[in-house]
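Pasting model_27.txt here (compact mmCIF, C-alpha atoms and all ligand atoms):
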```txt
# COMPACT_ATOMS: atom_id res chain seq x y z
CA MET A 8 6.42 8.65 9.85
CA ARG A 9 4.93 12.05 10.55
CA ILE A 10 1.64 13.02 8.92
CA ASP A 11 0.12 16.50 9.02
CA MET A 12 -3.51 16.82 8.05
CA VAL A 13 -4.82 20.26 7.12
CA THR A 14 -8.61 20.29 7.22
CA LEU A 15 -11.70 22.30 8.06
CA PHE A 16 -13.07 19.22 9.85
CA PRO A 17 -10.39 17.64 12.07
CA ALA A 18 -13.02 15.78 14.10
CA MET A 19 -13.80 13.64 11.06
CA PHE A 20 -10.48 11.88 11.60
CA LEU A 21 -10.94 10.98 15.25
CA GLY A 22 -12.86 7.74 14.81
CA PRO A 23 -10.62 6.13 12.18
CA LEU A 24 -7.40 7.20 13.88
CA GLN A 25 -8.44 5.99 17.31
CA GLU A 26 -9.21 2.39 16.46
CA SER A 27 -7.38 -0.76 15.52
CA ILE A 28 -4.09 -0.74 13.62
CA LEU A 29 -3.69 3.02 13.20
CA LYS A 30 -4.30 3.51 16.91
CA ARG A 31 -1.65 0.93 17.79
CA ALA A 32 0.87 2.39 15.33
CA GLN A 33 0.48 5.80 16.96
CA ALA A 34 0.71 4.36 20.47
CA ARG A 35 3.99 2.68 19.49
CA GLY A 36 5.35 5.90 18.03
CA ILE A 37 5.67 4.44 14.52
CA LEU A 38 3.17 6.94 13.19
CA THR A 39 2.54 10.48 14.44
CA ILE A 40 -0.48 12.26 13.05
CA PHE A 41 -1.17 15.95 13.64
CA LEU A 42 -4.60 17.36 12.85
CA HIS A 43 -4.59 21.06 11.97
CA GLN A 44 -7.72 23.19 11.84
CA LEU A 45 -7.35 25.31 8.70
CA ARG A 46 -9.51 28.04 10.24
CA ASP A 47 -6.78 28.67 12.83
CA TYR A 48 -4.65 30.01 9.97
CA ALA A 49 -7.30 32.43 8.70
CA TRP A 50 -6.47 35.63 10.48
CA ASP A 51 -9.35 37.85 9.43
CA ARG A 52 -12.11 38.58 11.91
CA HIS A 53 -14.46 35.95 10.51
CA GLN A 54 -11.76 33.35 9.92
CA MET A 55 -12.99 32.98 6.38
CA CYS A 56 -11.53 30.06 4.46
CA ASP A 57 -13.70 30.22 1.34
CA ASP A 58 -15.02 32.85 -1.05
CA ARG A 59 -17.03 33.18 -4.27
CA PRO A 60 -15.32 32.06 -7.48
CA TYR A 61 -14.35 34.69 -10.06
CA SER A 62 -15.91 32.45 -12.71
CA GLY A 63 -19.36 33.31 -11.41
CA ARG A 64 -20.13 29.62 -10.97
CA VAL A 65 -22.19 28.52 -8.03
CA GLY A 66 -20.45 27.30 -4.88
CA MET A 67 -17.43 28.48 -2.98
CA VAL A 68 -13.68 28.12 -3.50
CA MET A 69 -11.11 27.68 -0.73
CA LYS A 70 -9.05 30.85 -0.33
CA PRO A 71 -5.28 30.70 -0.78
CA GLU A 72 -4.06 32.75 2.23
CA PRO A 73 -5.03 30.36 5.08
CA ILE A 74 -3.72 27.35 3.15
CA PHE A 75 -0.37 29.01 2.36
CA ARG A 76 -0.01 30.11 5.97
CA ALA A 77 -0.91 26.68 7.31
CA VAL A 78 1.48 24.77 5.05
CA ARG A 79 4.37 27.18 5.60
CA THR A 80 3.89 27.23 9.36
CA ILE A 81 3.53 23.47 9.68
CA LEU A 82 6.49 22.58 7.46
CA ALA A 83 8.62 25.33 9.03
CA GLY A 84 11.19 25.15 6.27
CA GLU A 85 11.29 21.35 6.08
CA SER A 86 10.37 19.77 2.80
CA ALA A 87 7.72 17.05 2.47
CA PRO A 88 5.25 15.96 -0.18
CA VAL A 89 2.19 18.23 -0.03
CA ILE A 90 -0.72 16.12 -1.20
CA LEU A 91 -4.04 17.60 -2.26
CA LEU A 92 -7.01 15.23 -2.31
CA SER A 93 -9.39 15.99 -5.13
CA PRO A 94 -11.35 14.16 -7.82
CA GLN A 95 -9.04 15.78 -10.39
CA GLY A 96 -5.97 14.08 -8.97
CA GLU A 97 -3.97 11.15 -10.25
CA ARG A 98 -5.63 7.85 -9.34
CA PHE A 99 -4.29 6.53 -6.02
CA THR A 100 -3.00 2.95 -6.25
CA GLN A 101 -1.29 0.33 -4.10
CA GLN A 102 1.94 1.21 -5.93
CA ARG A 103 1.62 4.87 -4.91
CA ALA A 104 0.86 3.78 -1.32
CA MET A 105 4.09 1.79 -1.22
CA GLU A 106 6.11 4.71 -2.58
CA LEU A 107 4.61 7.25 -0.18
CA ALA A 108 5.36 4.92 2.75
CA ARG A 109 9.09 5.55 2.16
CA GLU A 110 8.71 9.25 2.97
CA PRO A 111 9.52 10.30 6.54
CA ARG A 112 6.85 12.97 6.41
CA LEU A 113 3.65 13.75 4.47
CA LEU A 114 1.27 16.70 4.52
CA PHE A 115 -2.31 16.32 3.32
CA LEU A 116 -4.59 19.15 2.23
CA CYS A 117 -8.26 18.27 2.30
CA GLY A 118 -10.21 20.20 -0.32
CA HIS A 119 -13.80 21.25 0.17
CA TYR A 120 -16.58 23.17 -1.55
CA GLU A 121 -16.08 23.61 -5.29
CA GLY A 122 -12.30 23.32 -4.99
CA VAL A 123 -9.21 25.26 -4.00
CA ASP A 124 -7.74 28.41 -5.50
CA GLU A 125 -5.49 27.33 -8.35
CA ARG A 126 -2.47 29.16 -6.86
CA VAL A 127 -2.41 26.52 -4.11
CA ARG A 128 -1.92 23.88 -6.80
CA GLU A 129 0.69 25.91 -8.62
CA GLN A 130 2.83 26.82 -5.63
CA LEU A 131 2.27 24.41 -2.77
CA VAL A 132 0.94 21.09 -3.92
CA THR A 133 3.50 18.52 -5.02
CA GLU A 134 0.92 15.91 -5.93
CA GLU A 135 -2.81 15.66 -6.30
CA LEU A 136 -4.50 12.34 -5.63
CA SER A 137 -7.99 11.00 -6.29
CA ILE A 138 -9.23 7.79 -4.71
CA GLY A 139 -11.66 7.07 -7.54
CA ASP A 140 -13.98 8.46 -10.16
CA TYR A 141 -16.70 9.79 -7.91
CA VAL A 142 -17.11 13.02 -5.97
CA LEU A 143 -17.03 13.09 -2.18
CA THR A 144 -18.24 15.98 -0.04
CA GLY A 145 -14.62 16.75 0.82
CA GLY A 146 -11.09 15.41 0.84
CA GLU A 147 -11.19 14.11 4.42
CA LEU A 148 -12.49 10.62 3.71
CA ALA A 149 -10.10 10.34 0.76
CA ALA A 150 -7.16 11.42 2.96
CA MET A 151 -8.11 8.75 5.49
CA VAL A 152 -8.15 6.13 2.77
CA VAL A 153 -4.69 7.20 1.62
CA VAL A 154 -3.26 7.33 5.16
CA ASP A 155 -4.64 3.88 5.93
CA ALA A 156 -3.23 2.32 2.75
CA VAL A 157 0.16 4.04 3.19
CA ALA A 158 0.44 3.15 6.89
CA ARG A 159 0.18 -0.57 6.08
CA PHE A 160 3.53 -0.29 4.29
CA VAL A 161 5.33 1.57 7.08
CA PRO A 162 7.62 -0.99 8.74
CA GLY A 163 6.22 -2.17 12.08
CA VAL A 164 2.62 -1.04 11.49
CA LEU A 165 1.41 -4.53 10.54
CA GLY A 166 2.77 -7.48 12.48
CA ALA A 167 5.47 -9.41 10.61
CA ALA A 168 3.15 -12.43 10.27
CA ASN A 169 0.53 -10.54 8.28
CA GLY A 170 2.53 -8.13 6.22
CA ALA A 171 1.26 -6.33 3.17
CA HIS A 172 3.17 -8.50 0.75
CA ASP A 173 0.61 -11.19 -0.17
CA ASP A 174 -2.28 -8.73 -0.39
CA SER A 175 -4.45 -8.33 -3.38
CA PHE A 176 -2.44 -6.13 -5.80
CA ALA A 177 0.91 -6.66 -4.02
CA THR A 178 1.47 -9.74 -6.19
CA GLY A 179 -0.21 -8.07 -9.15
CA LEU A 180 -3.19 -10.42 -8.69
CA LEU A 181 -6.34 -10.33 -6.61
CA GLU A 182 -6.27 -12.60 -3.59
CA GLY A 183 -8.11 -15.89 -3.95
CA PRO A 184 -10.76 -17.19 -1.53
CA GLN A 185 -9.86 -17.88 2.11
CA TYR A 186 -11.41 -20.37 4.54
CA THR A 187 -11.24 -20.98 8.25
CA ARG A 188 -12.90 -23.42 10.64
CA PRO A 189 -15.39 -25.11 10.72
CA PRO A 190 -14.55 -27.55 7.89
CA VAL A 191 -18.24 -27.85 7.03
CA PHE A 192 -20.70 -25.01 7.58
CA GLU A 193 -24.38 -25.46 6.69
CA GLY A 194 -23.39 -28.26 4.34
CA LEU A 195 -20.70 -26.16 2.61
CA ALA A 196 -17.29 -27.83 2.83
CA VAL A 197 -13.83 -26.29 2.71
CA PRO A 198 -12.03 -27.61 -0.41
CA ASP A 199 -10.36 -30.95 0.44
CA ILE A 200 -6.96 -29.88 -0.80
CA LEU A 201 -6.72 -27.11 1.82
CA ARG A 202 -7.10 -29.77 4.52
CA SER A 203 -4.68 -32.23 2.91
CA GLY A 204 -1.52 -30.95 4.61
CA ASP A 205 0.27 -31.02 1.22
CA HIS A 206 1.88 -27.57 1.31
CA ALA A 207 3.05 -27.54 -2.30
CA ALA A 208 -0.41 -28.56 -3.54
CA ILE A 209 -2.03 -25.94 -1.32
CA ALA A 210 0.30 -23.23 -2.64
CA ARG A 211 -0.52 -24.23 -6.24
CA TRP A 212 -4.26 -24.27 -5.46
CA GLN A 213 -4.02 -20.77 -3.96
CA ARG A 214 -2.06 -19.45 -6.90
CA GLU A 215 -4.61 -20.83 -9.36
CA ALA A 216 -7.50 -19.48 -7.30
CA ALA A 217 -5.86 -16.02 -7.37
CA LEU A 218 -5.35 -16.29 -11.13
CA ARG A 219 -8.96 -17.39 -11.63
CA ARG A 220 -10.36 -14.58 -9.50
CA THR A 221 -8.23 -11.98 -11.27
CA TRP A 222 -9.20 -13.37 -14.67
CA GLU A 223 -12.89 -13.23 -13.75
CA ARG A 224 -12.96 -9.84 -12.04
CA ARG A 225 -9.98 -7.76 -13.18
CA PRO A 226 -8.54 -9.24 -16.36
CA ASP A 227 -6.75 -5.91 -16.97
CA LEU A 228 -4.39 -6.75 -14.08
CA LEU A 229 -3.10 -9.88 -15.82
CA ASP A 230 -1.23 -7.81 -18.41
CA GLN A 231 1.03 -6.36 -15.70
CA ALA A 232 1.27 -9.39 -13.38
CA ASP A 233 4.43 -11.43 -13.00
CA LEU A 234 3.35 -14.81 -14.44
CA ASP A 235 5.42 -17.98 -14.76
CA GLU A 236 4.97 -20.75 -17.32
CA ALA A 237 2.61 -22.75 -15.06
CA ASP A 238 0.42 -19.65 -14.58
CA LYS A 239 0.20 -19.12 -18.32
CA VAL A 240 -0.75 -22.77 -18.90
CA TYR A 241 -3.49 -22.47 -16.28
CA LEU A 242 -4.88 -19.25 -17.80
CA ARG A 243 -4.88 -20.89 -21.25
CA LYS A 244 -6.94 -23.75 -19.78
CA LEU A 245 -9.42 -21.26 -18.30
CA ARG A 246 -9.81 -19.51 -21.65
CA GLU A 247 -10.25 -22.79 -23.50
CA ALA A 248 -12.90 -23.91 -20.99
CA LEU A 249 -14.77 -20.63 -21.52
CA ASP A 250 -14.52 -21.01 -25.31
CA ARG A 251 -16.01 -24.50 -25.09
CA GLU A 252 -18.87 -23.21 -22.92
CA THR A 253 -19.78 -20.37 -25.25
CA LYS A 254 -19.72 -22.54 -28.40
N1 LIG B 1 -12.54 14.94 -2.88
C1 LIG B 1 -13.76 14.79 -3.42
N2 LIG B 1 -13.84 13.67 -4.14
C2 LIG B 1 -12.61 13.07 -4.07
C3 LIG B 1 -12.06 11.88 -4.62
N3 LIG B 1 -12.76 11.06 -5.40
N4 LIG B 1 -10.77 11.60 -4.33
C4 LIG B 1 -10.05 12.43 -3.57
N5 LIG B 1 -10.52 13.57 -3.03
C5 LIG B 1 -11.79 13.88 -3.27
```
Output the structure of this file as structure tokens.
Ligand code: ADE
Amino acid sequence: MRIDMVTLFPAMFLGPLQESILKRAQARGILTIFLHQLRDYAWDRHQMCDDRPYSGRVGMVMKPEPIFRAVRTILAGESAPVILLSPQGERFTQQRAMELAREPRLLFLCGHYEGVDERVREQLVTEELSIGDYVLTGGELAAMVVVDAVARFVPGVLGAANGAHDDSFATGLLEGPQYTRPPVFEGLAVPDILRSGDHAAIARWQREAALRRTWERRPDLLDQADLDEADKVYLRKLREALDRETK
């Protein structure tokens, strides 16, 4: 996959892209990420990329000309999703990450200041994404979040043994608790069943733990999750136990 990042602050990406899994994916040639300084596409003497809004509101708006030039030059006639990061965008989800991972190429535009000239949205942007209902100082951190989540679904980025398929959300449920050695730490023991060697019982325990965690923390997810009869029986038991407690 090829990713082009258009930003006023390319150095913000260096840390996250030069560590761990994203570093390895680039070294293996699975992922190629180009950082483009937007200012290089502003051809006036001061390389201005922002200007005052016509609305008279405070703050600055990103000018259209450098952005149009950057996107047209970088894509050079090829087509690719052009993704603007902004708090006004559609909420980014694991589902969207999986879909974007199928694209051979993505271009990200990192917004700054009070926003971008609307003509960029109208003519260039194919989708606008928000990573949550809060306002960041710019789109860079949001773009990194999206790239990281998308990259996990690009074949070869994660090792086969720890693929993205049992993650929280991938199954429609949050992941349940995990344990590793030692079996007892400061008097706190790993649940016996996990050490029993009974694989079917362990799988059932993990499924119920995931159901319980989702029910406690994100009950909204249960409406969409793929649940079998045993899951539904277990959830009914949880609800009945809660009813008894609150009576
Ligand atoms: N830019 C500023 N805030 C943002 C957010 N929440 N998501 C995406 N881009 C942003």
Please check which protein, DNA or RNA residues sit within 12 Å of ligand LIG 1 (chain B), counting only C-alpha atoms and all ligand atoms, and write them as a tab-separated table (two decimals) with C-alpha atoms, keeping the file's coordinate frame.
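Result file out.tsv:
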```
chain	number	residue	atom	x	y	z
A	90	ILE	CA	-0.72	16.12	-1.20
A	91	LEU	CA	-4.04	17.60	-2.26
A	92	LEU	CA	-7.01	15.23	-2.31
A	93	SER	CA	-9.39	15.99	-5.13
A	94	PRO	CA	-11.35	14.16	-7.82
A	95	GLN	CA	-9.04	15.78	-10.39
A	96	GLY	CA	-5.97	14.08	-8.97
A	97	GLU	CA	-3.97	11.15	-10.25
A	98	ARG	CA	-5.63	7.85	-9.34
A	99	PHE	CA	-4.29	6.53	-6.02
A	100	THR	CA	-3.00	2.95	-6.25
A	115	PHE	CA	-2.31	16.32	3.32
A	116	LEU	CA	-4.59	19.15	2.23
A	117	CYS	CA	-8.26	18.27	2.30
A	118	GLY	CA	-10.21	20.20	-0.32
A	119	HIS	CA	-13.80	21.25	0.17
A	120	TYR	CA	-16.58	23.17	-1.55
A	121	GLU	CA	-16.08	23.61	-5.29
A	122	GLY	CA	-12.30	23.32	-4.99
A	123	VAL	CA	-9.21	25.26	-4.00
A	134	GLU	CA	0.92	15.91	-5.93
A	135	GLU	CA	-2.81	15.66	-6.30
A	136	LEU	CA	-4.50	12.34	-5.63
A	137	SER	CA	-7.99	11.00	-6.29
A	138	ILE	CA	-9.23	7.79	-4.71
A	139	GLY	CA	-11.66	7.07	-7.54
A	140	ASP	CA	-13.98	8.46	-10.16
A	141	TYR	CA	-16.70	9.79	-7.91
A	142	VAL	CA	-17.11	13.02	-5.97
A	143	LEU	CA	-17.03	13.09	-2.18
A	144	THR	CA	-18.24	15.98	-0.04
A	145	GLY	CA	-14.62	16.75	0.82
A	146	GLY	CA	-11.09	15.41	0.84
A	147	GLU	CA	-11.19	14.11	4.42
A	148	LEU	CA	-12.49	10.62	3.71
A	149	ALA	CA	-10.10	10.34	0.76
A	150	ALA	CA	-7.16	11.42	2.96
A	151	MET	CA	-8.11	8.75	5.49
A	152	VAL	CA	-8.15	6.13	2.77
A	153	VAL	CA	-4.69	7.20	1.62
```
Restricting the calculation to all atoms listed in the file: of A:Glu72, A:Ile10, A:Leu24, A:Pro184, which residue gets closest to A:Val197?
A:Pro184
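Distance-wise, atom CA of A:Arg59 and atom CA of A:Arg76 end up 20.1 Å apart.
Using only C-alpha atoms, the nearest neighbour of A:Glu106 within the list A:Ala156, A:Leu165, A:Leu229, A:Leu131 is A:Ala156.
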Which of these, A:Leu242, A:Leu42, A:Leu29, A:Leu181, has the shortest distance to A:Arg220 once you count only C-alpha atoms?
A:Leu181
For atom CA of A:Thr253 and atom CA of A:Arg224, quote the distance in Å rounded to one decimal.
18.2 Å
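Nearest residue to A:Arg103 among A:Phe16, A:Thr221, A:Thr39, A:Val154 is A:Val154, counting all atoms listed in the file.
Atom CA of A:Arg243 lies 24.0 Å from atom CA of A:Leu201.
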Mind listing whatever residues come within 10 Å of the point (-18.0, 30.4, 5.0)? Use all atoms listed in the file, file coordinates, and give them as a compact mmCIF listing (two decimals) with C-alpha atoms, keeping the file's coordinate frame.
```
# COMPACT_ATOMS: atom_id res chain seq x y z
CA HIS A 53 -14.46 35.95 10.51
CA GLN A 54 -11.76 33.35 9.92
CA MET A 55 -12.99 32.98 6.38
CA CYS A 56 -11.53 30.06 4.46
CA ASP A 57 -13.70 30.22 1.34
CA ASP A 58 -15.02 32.85 -1.05
CA ARG A 59 -17.03 33.18 -4.27
CA MET A 67 -17.43 28.48 -2.98
CA VAL A 68 -13.68 28.12 -3.50
CA MET A 69 -11.11 27.68 -0.73
CA TYR A 120 -16.58 23.17 -1.55
```
May I have the residues within 8 Å of stretch 125-129 of chain A as a ChimeraX atom specification, using all atoms listed in the file and disregarding those fewer than 6 positions away in the same chain?
/A:71,74-75
Find the spatial neighbours of A:Val157, counting all atoms listed in the file, within a cut-off of 8 Å - ignore same-chain residues fewer than 3 positions away - and output them as a PyMOL selection string.
chain A and resi 104-105+107-108+153-154+160-161
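With all atoms listed in the file as the atoms that count, the minimum distance from A:Ala232 to the choices A:Ile40, A:Ala83, A:Ala177, A:Val164 is reached by A:Ala177.
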